[in-house]
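What follows is one structure encoded as structure tokens, with my remarks underneath.
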Amino acid sequence: MTPQKLIVLFTTLTGGAVGLFAPVGVVRWLLQTEPEDAGILTLFFFPVWCLIFVLGLLIGRRVGMVACDASKDPSV
């Protein structure tokens, strides 16, 4: 694996992790402020959570591509 691919992989996974764990604070806040409404709000929040995760992956990949200047190398 080339160093470029490793950097893109690392930044993609980092972006995905941020997208996956950042909404945890929102759910905790929901549970503290309105515990009786938290169940249904969390159910509706799940698709948004998935979208944030995917956006984190895509943004992380884009950052990795820019960091490596991999736009000229389509094999990354």
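Each chain in the structure tokens gets a letter, A, B, ..., in the order shown, and its residues are numbered from 1; ligands are numbered from 1 in order too.
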
For range 60-69 of chain A, work out the shell of residues within 9 Å, counting only C-alpha atoms and skipping chain neighbours fewer than 5 positions away, then give it as a VMD selection string.
chain A and resid 3 to 5 7 to 16 55 76

In Å, rounded to a single decimal, give me how far CA of Leu57 in chain A is from CA of Leu43 in chain A.
22.3 Å

Which polymer residues have any atom within 9 Å of an atom of range 50-54 of chain A, counting only C-alpha atoms, with same-chain residues fewer than 5 positions away left out, as a PyMOL selection string?
chain A and resi 15-23+45+59

File of the preceding selection, C-alpha atoms, as a compact mmCIF listing (two decimals), in the first residue's frame:
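Contents of result09.txt, as written:
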```txt
# COMPACT_ATOMS: atom_id res chain seq x y z
CA GLY A 15 -13.87 11.36 9.43
CA GLY A 16 -16.16 8.36 9.81
CA ALA A 17 -15.32 8.06 13.51
CA VAL A 18 -16.07 11.73 14.09
CA GLY A 19 -19.34 11.37 12.20
CA LEU A 20 -20.21 8.28 14.20
CA PHE A 21 -19.39 9.53 17.69
CA ALA A 22 -20.24 13.26 17.47
CA PRO A 23 -24.03 12.73 17.64
CA PHE A 45 -32.51 10.80 14.71
CA ILE A 59 -15.25 14.64 4.02
```

CA of Phe46 in chain A to CA of Leu31 in chain A, straight-line distance in Å
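Computing the Euclidean distance for CA of Leu31 in chain A and CA of Phe46 in chain A yields 14.7 Å.
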
Filtered DSSP result for chain A, state alpha helix (DSSP H), as a VMD selection string
chain A and resid 3 to 21 24 to 33 38 to 68
